[in-house]
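S.K.: Just dropping this structure here.
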Amino acid sequence: MAVAQAQPRYIFGLRSDVTGNLAYFDEQTIVYPSGTNCILYNMDQKVQKFIQGSEKSRGMSAMAISPNRRYVAVAERGDKEKNEKPVVVIYDLHTQRKRKMLSFADLQSDEYTSLSFSPDSKYLVTQGGKPDWTLLYWTWEKTKVLAKTSGQQSAAHVNQVTFNPLDNTQLCVSGNGFFKLYRYSEGSLRPIYNPKMEPLNYLCQAWLSDERVITGAQNGKLVLLESGEVKHEFNMASSAFQLTLSENSQIRQRPSSNGLEIEVSSLPESYDVTALVAYSKGFACASGLGTVHLFEKSDDREFYKKTREIKIPQDLLNSDASKPLPQITCLAISPSEEMLICATANNQLYSLTLSSADISRAERGEFEILSQSFHSNQVTGLDVCIRKPLVATCSLDKSVRIWNFETCNLELYKEYAEEAYSIALHPSGLYILVGFSDKLRLMNLLIDDIRTFKEFTVRACKECCFSNGGQYFAAVNTNVISIYSTVNFENISNLKGHNGKVRSIVWSHDDARIVSCGADGAVYEWEVLSSKRIGENVLKLCNYTSVVITPDGKTTYAVGSDKKLKEISDSQILRSVDSPDTVLTSVALSHAGRMLFAGTVSGTLRSMKFPLTLPGEWVEYQAHGAPISRVKITFDDQWLITISEDSCVMIWKIQEKDGRAVKQRDKEITYAEEILITKSDLEEKNMLMGELKTRVDELKMENDYQLRLKDMNYSDKIKELTEKFIQEMESLKTKNQVLKNEKEKELSKHEDLVGEIQEKHAKEIQDIESTNNQKLMLEYEKYQELQGKCQRMQEDYERQLLEMDEKREQALQNLTEFYEAKNQELTTKLDQLKDDAKQRLQENEEMKQQIEVDADREILDMRIKFEQRLRNEQETNQKLKGETGIMRKKFTSLQKEIEDYKDEIKKNQAEIGKLNGIIRNLEKDIVGLKKEIQERDETIQDKEKRIYDLKKKNQELDKFKFVLDYRINEQKRKVEPQENEIKTLKEQKQEMEGELERFHKQNTQLELNIEELRQKLKATEKELHHERQRVRDVEAVVMRIKTDLHNCVGYIQEPKLLKDSVKAMFQKHVQEDVTEAAGLSADTQKDFSRQREHLERTVASYKKKEAKDKEIHKAENIRIMQQNVTLIGETNKIRQDLKNARTHAHDVEAALGLHSQKNKPHAAEMLTKIASSNKNAVMEMELEEKTKVIKLLQTKILTLQKQVHDLEVATARPPSGRRLSPLSTAAY
């Protein structure tokens, strides 16, 4: 056999001791630590993905997610005893793979207390723990430390470090007694800003902007800093800041002698500020037990308002009502800022929808549990059910929980007043046995509760277990194993023999024996009925913790404190597999006896090679962050469950090494669905169901009656409205004709006025053109003068340039002549000196020959003299070289002057170009000014016309204002009650129609289901009949073959006759089989073709019905739409005509001069005459009233169109023609 595989499926639990243990990956996925894994939990799909810790991980201490939500950094603890340094592992959240591992050799601490990514996710800062509290600044992609600081607060505890959200180089570090800001520059971290703050224990911090950071202290104090200066400081724990439910608190800043003070209207009763998180509107603050306060920016952004207080709900299943709420350790807000989630100190996750918090701000909000409720303390007991997919656990948090390992949900849980040490689940899944500190209790698992029905006087039972059949259970009382009957609860026997505490017991598969192990190093095998010990193995130096037995009951496997896995058979140790690096705490064997797993003290799960070999082989999986206390395998050998002291419950998918799943038993396991419910609860629910049914029937009757009444009322109102609408349309047509006649008259008058205005406009244009021509002439003269000046200046510049060139050439000639003369003089001097030197050399040679005695002395003298002369000559040569250098410098300076003159020439040319550009711009300005003059004239004329029109409109509006106000008030009084009635009636009608539509749909669906079932039943009966006939035919053929074979056997001694008889038999039966098979296939084909034709006919009939219904509704919709189009067109024409008539009336009045001040009395007489002869004003008022009625009708038409559309959608299915008959069993 090979080593079995294990893959993590789900984990229930949270590590609350990890800094920053909660973050968002995307809108639906959160990241949190559990065991030694990072969990990516999808809140919508309820699915977990695992990022497993590194090998030999000592557990996590801190976590951080990058701002781009691509990477997660996990800090893992080191081991000082083994000289292992802590590491930071960075994973890719998309692939769940390791990207980098960071380790610093000079770090003295064994953990990192806080991590933070830079805003661009390229840098990482890590804060080491005690004793040196080293702060490291990494470029993590290169695994390089850019800067470090150590010992900044050697005696203090550093709680958190964060990056500025917009600056990669600025950090904020807070801890016990200090708060510092650092900046990275030139390879080092340097402190900046030294805020004057009290030496408090600053627990958390959050950046509100690139300049503002807020921090919370242990005594409930919040401090807001801006650019390194304290701006706000207030105490959340002060008794003066008690918050009532009806009040909102706000934080204001006001000037004082010290700078700025905070004015807090009201604050809640609070304690330590344990968590802060910022978002676009403000920040959320966890202050107090289980309380989060939301602060938002005010309108002037100078202070924050407290808008919301959210509390963690009190657990209703907790027996201790006075238990305080847990402390919140971490907060996180979703990327869209719609969800707020928090992690608590008791390992729970809660969520809140911020949009719902904004809607109901007046009430105190409550969090909701995210996913499931987890254990908050060490898990002590574990058991698995046989008949149901249930797992039972108990914990030191005084709770008992029932989990479903298939759906990965929490089915039931309840908290008690005492701690629970052990648990056993009955094979039926209906009862549990729990060992509390005071008693052993047998409980019923009800549909929504766990209730005790029997107690046993066994104190602090650390181990209990049901038999495989469920008829017995065993409970451990220190060193005695008591066996009870689950039927009459009698104590059948007490197994005594252990000298120490019994740590583990297990039943054999036939429930005839029990195997136990204890702290005394003994492994005993007991016979249940006789209470005798039939096998033993004692190893006093070993403290056994777990034991299992094989399915055949011949071999047991035990683990203990000696780091060995022992295989025991017939009271002898056959094999002992050594585990030198860690202690094995628990062991589990599959029910098929093919896979063996063991848990360790370090929290890892080992899959052992089975059967055991020496030396042992295994595969190790990272699982928990503390010792694994129990390991169990489900009855179908597909799932493995582990529990640990880190309060986590983990579910694993297991299979053999080659990938094939474990073979099923002889009978396939089907889980039971029965549940327990008390008689009183069942009666209450039946009573409620009966009452609800009667209430539904009553409501149906009432709704039918109300629908009939409403239909009658609506039909009467529709008739009245149609009649009114027809009458109003006729009156509007007559008025429209009158207005058209008046329009023609006004058009003729208007054309005359337009002709006069055009003549005036032409004269004005001629005058403007003449004035503009004069201005253009003047500007042209100025332009010619400027052009002449420019030409003269250009000539002067050219003449000056020629003169400067001549002067420069003369100066160059003079200088060259002067320096050539000097050069010739110097060469002649050099020649003379050379001749003198030659003569003196000859004299020296003669002197050497003549004077031999004083030769040496004279030679020395001559050497000294010549050396002096050579030095003088060298000095003169150097002087000459210096003079030549000076001359060269003068020559270069003259060249520079020449270049300067050239630059001046270029500048003058550029100035000329600028002047030409100025001239062009002036020309453009002249053209622009002309255009502006024209545009301003046009705007003046338009404004005068507009003023004239507005004066006319104001006069008319003043005239008709009083009459219109009176009419409007009367119409409002009449229309408002009618509109309210119509709205209520429409809403009721829509509700009734929806209910009717649902009933029709249900009826049609039931009809279709009945028809399908009948057809299926007929088809199955036919198939059954054919199959029976076919079986009979086959049996007959088999009988014939048997008889023929019997006859062939008679010729076994005669080969020829045997051969002939076999051939004859082959020809006979093979041909008959072929014909029979052909006949059978023909019958089946006929049956299939008949059924197919029947189905095609039914489908065709349904399609025809659907097409007819669609055509009917389509024609009706087209008719309604045509009517609506005609009505809308007529109303638009009336409105346009009315608008044109009003404009013409204004023009006529203006032409008559009725609006001038001088003609006021004359205008009044004219208006009275016009009103008496032509009642246009009254007609206009009536038209306005009619337009209001038309608008109301249009709204009603739109509602009718919506109803028609809904009917079309509803009638897309085939209509139910009749009411369904009641179902009866006889039909089937």
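Identifiers in the structure tokens: chain A, B, ... in order shown; residue index from 1 per chain; ligand index from 1 in order shown.
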Which residues of region 419-510 of chain A have any atom within 8 Å of an atom in region 379-393 of chain A when counting only C-alpha atoms, and what is the closest pair of atoms for each, with the distance in Å to one decimal? Order the rows by chain and rising number and write it as a Markdown table.

M.R.:
```
| residue | atom | partner | partner_atom | distance |
| --- | --- | --- | --- | --- |
| A:Ala420 | CA | A:Thr380 | CA | 7.4 |
| A:Tyr421 | CA | A:Thr380 | CA | 5.4 |
| A:Ser422 | CA | A:Gly381 | CA | 4.4 |
| A:Ile423 | CA | A:Gly381 | CA | 5.1 |
| A:Ala424 | CA | A:Asp383 | CA | 5.4 |
| A:Leu425 | CA | A:Asp383 | CA | 5.8 |
| A:His426 | CA | A:Cys385 | CA | 6.5 |
| A:Pro427 | CA | A:Ile386 | CA | 4.8 |
| A:Ser428 | CA | A:Arg387 | CA | 5.2 |
| A:Gly429 | CA | A:Cys385 | CA | 5.8 |
```

S.K.: Find the residue from A:Ala626, A:Leu574, A:Ala1100, A:Leu753 that sits nearest to Leu614 (chain A); use only C-alpha atoms when measuring.

M.R.: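 Nearest candidate to Leu614 (chain A) out of A:Ala626, A:Leu574, A:Ala1100, A:Leu753: A:Leu574.
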
S.K.: Rounded to one decimal in Å, what is the spacing between CA of Glu198 (chain A) and CA of Thr274 (chain A)?

M.R.: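 Pair CA of Glu198 (chain A) / CA of Thr274 (chain A) returns 17.8 Å.
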
S.K.: Can you list, as an NGL selection string, every protein, DNA or RNA residue that comes within 8 Å of region 51-59 of chain A when you count only C-alpha atoms, leaving out same-chain residues fewer than 6 positions away?

M.R.: :A and (35-40 or 76-79 or 91 or 96-97 or 602 or 622-623 or 625)

S.K.: Atoms to include: N, CA and C atoms. Write the selected residues as a PDB file, in the first residue's frame.

M.R.:
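Output contents, as saved in result-v2.pdb:
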```pdb
ATOM      1  N   GLY A  35      -5.641  28.456  11.840  1.00  0.00           N
ATOM      2  CA  GLY A  35      -4.574  27.458  11.958  1.00  0.00           C
ATOM      3  C   GLY A  35      -3.271  28.044  11.451  1.00  0.00           C
ATOM      4  N   THR A  36      -2.593  27.312  10.546  1.00  0.00           N
ATOM      5  CA  THR A  36      -1.399  27.854   9.887  1.00  0.00           C
ATOM      6  C   THR A  36      -1.698  28.250   8.445  1.00  0.00           C
ATOM      7  N   ASN A  37      -2.983  28.405   8.122  1.00  0.00           N
ATOM      8  CA  ASN A  37      -3.403  28.711   6.760  1.00  0.00           C
ATOM      9  C   ASN A  37      -3.983  30.119   6.695  1.00  0.00           C
ATOM     10  N   CYS A  38      -3.915  30.682   5.479  1.00  0.00           N
ATOM     11  CA  CYS A  38      -4.659  31.891   5.159  1.00  0.00           C
ATOM     12  C   CYS A  38      -5.887  31.456   4.356  1.00  0.00           C
ATOM     13  N   ILE A  39      -7.054  31.894   4.783  1.00  0.00           N
ATOM     14  CA  ILE A  39      -8.310  31.465   4.158  1.00  0.00           C
ATOM     15  C   ILE A  39      -8.823  32.592   3.268  1.00  0.00           C
ATOM     16  N   LEU A  40      -9.163  32.232   2.007  1.00  0.00           N
ATOM     17  CA  LEU A  40      -9.869  33.140   1.099  1.00  0.00           C
ATOM     18  C   LEU A  40     -11.320  32.669   1.062  1.00  0.00           C
ATOM     19  N   GLU A  76       5.648  34.634   9.963  1.00  0.00           N
ATOM     20  CA  GLU A  76       5.670  33.377  10.713  1.00  0.00           C
ATOM     21  C   GLU A  76       6.748  33.439  11.789  1.00  0.00           C
ATOM     22  N   ARG A  77       6.425  32.895  12.939  1.00  0.00           N
ATOM     23  CA  ARG A  77       7.331  32.961  14.086  1.00  0.00           C
ATOM     24  C   ARG A  77       8.549  32.052  13.886  1.00  0.00           C
ATOM     25  N   GLY A  78       9.644  32.422  14.560  1.00  0.00           N
ATOM     26  CA  GLY A  78      10.849  31.605  14.567  1.00  0.00           C
ATOM     27  C   GLY A  78      10.978  30.832  15.867  1.00  0.00           C
ATOM     28  N   ASP A  79      12.126  30.177  16.045  1.00  0.00           N
ATOM     29  CA  ASP A  79      12.386  29.373  17.247  1.00  0.00           C
ATOM     30  C   ASP A  79      13.788  29.714  17.738  1.00  0.00           C
ATOM     31  N   TYR A  91       2.546  35.839  -0.672  1.00  0.00           N
ATOM     32  CA  TYR A  91       1.806  34.958  -1.580  1.00  0.00           C
ATOM     33  C   TYR A  91       1.045  35.800  -2.595  1.00  0.00           C
ATOM     34  N   GLN A  96      -2.580  31.705  -5.392  1.00  0.00           N
ATOM     35  CA  GLN A  96      -2.357  31.076  -4.090  1.00  0.00           C
ATOM     36  C   GLN A  96      -0.972  30.422  -4.008  1.00  0.00           C
ATOM     37  N   ARG A  97       0.000  31.025  -4.674  1.00  0.00           N
ATOM     38  CA  ARG A  97       1.352  30.478  -4.653  1.00  0.00           C
ATOM     39  C   ARG A  97       2.313  31.451  -3.981  1.00  0.00           C
ATOM     40  N   SER A 602       3.080  19.864  16.995  1.00  0.00           N
ATOM     41  CA  SER A 602       3.308  21.093  16.229  1.00  0.00           C
ATOM     42  C   SER A 602       2.104  21.504  15.396  1.00  0.00           C
ATOM     43  N   GLN A 622       0.541  20.906   6.631  1.00  0.00           N
ATOM     44  CA  GLN A 622       0.371  22.007   7.589  1.00  0.00           C
ATOM     45  C   GLN A 622      -1.117  22.173   7.878  1.00  0.00           C
ATOM     46  N   ALA A 623      -1.485  22.185   9.154  1.00  0.00           N
ATOM     47  CA  ALA A 623      -2.907  22.212   9.509  1.00  0.00           C
ATOM     48  C   ALA A 623      -3.207  23.276  10.559  1.00  0.00           C
ATOM     49  N   GLY A 625      -2.303  25.655  14.261  1.00  0.00           N
ATOM     50  CA  GLY A 625      -1.259  26.441  14.901  1.00  0.00           C
ATOM     51  C   GLY A 625      -0.983  26.029  16.319  1.00  0.00           C
TER      52      GLY A 625
END
```
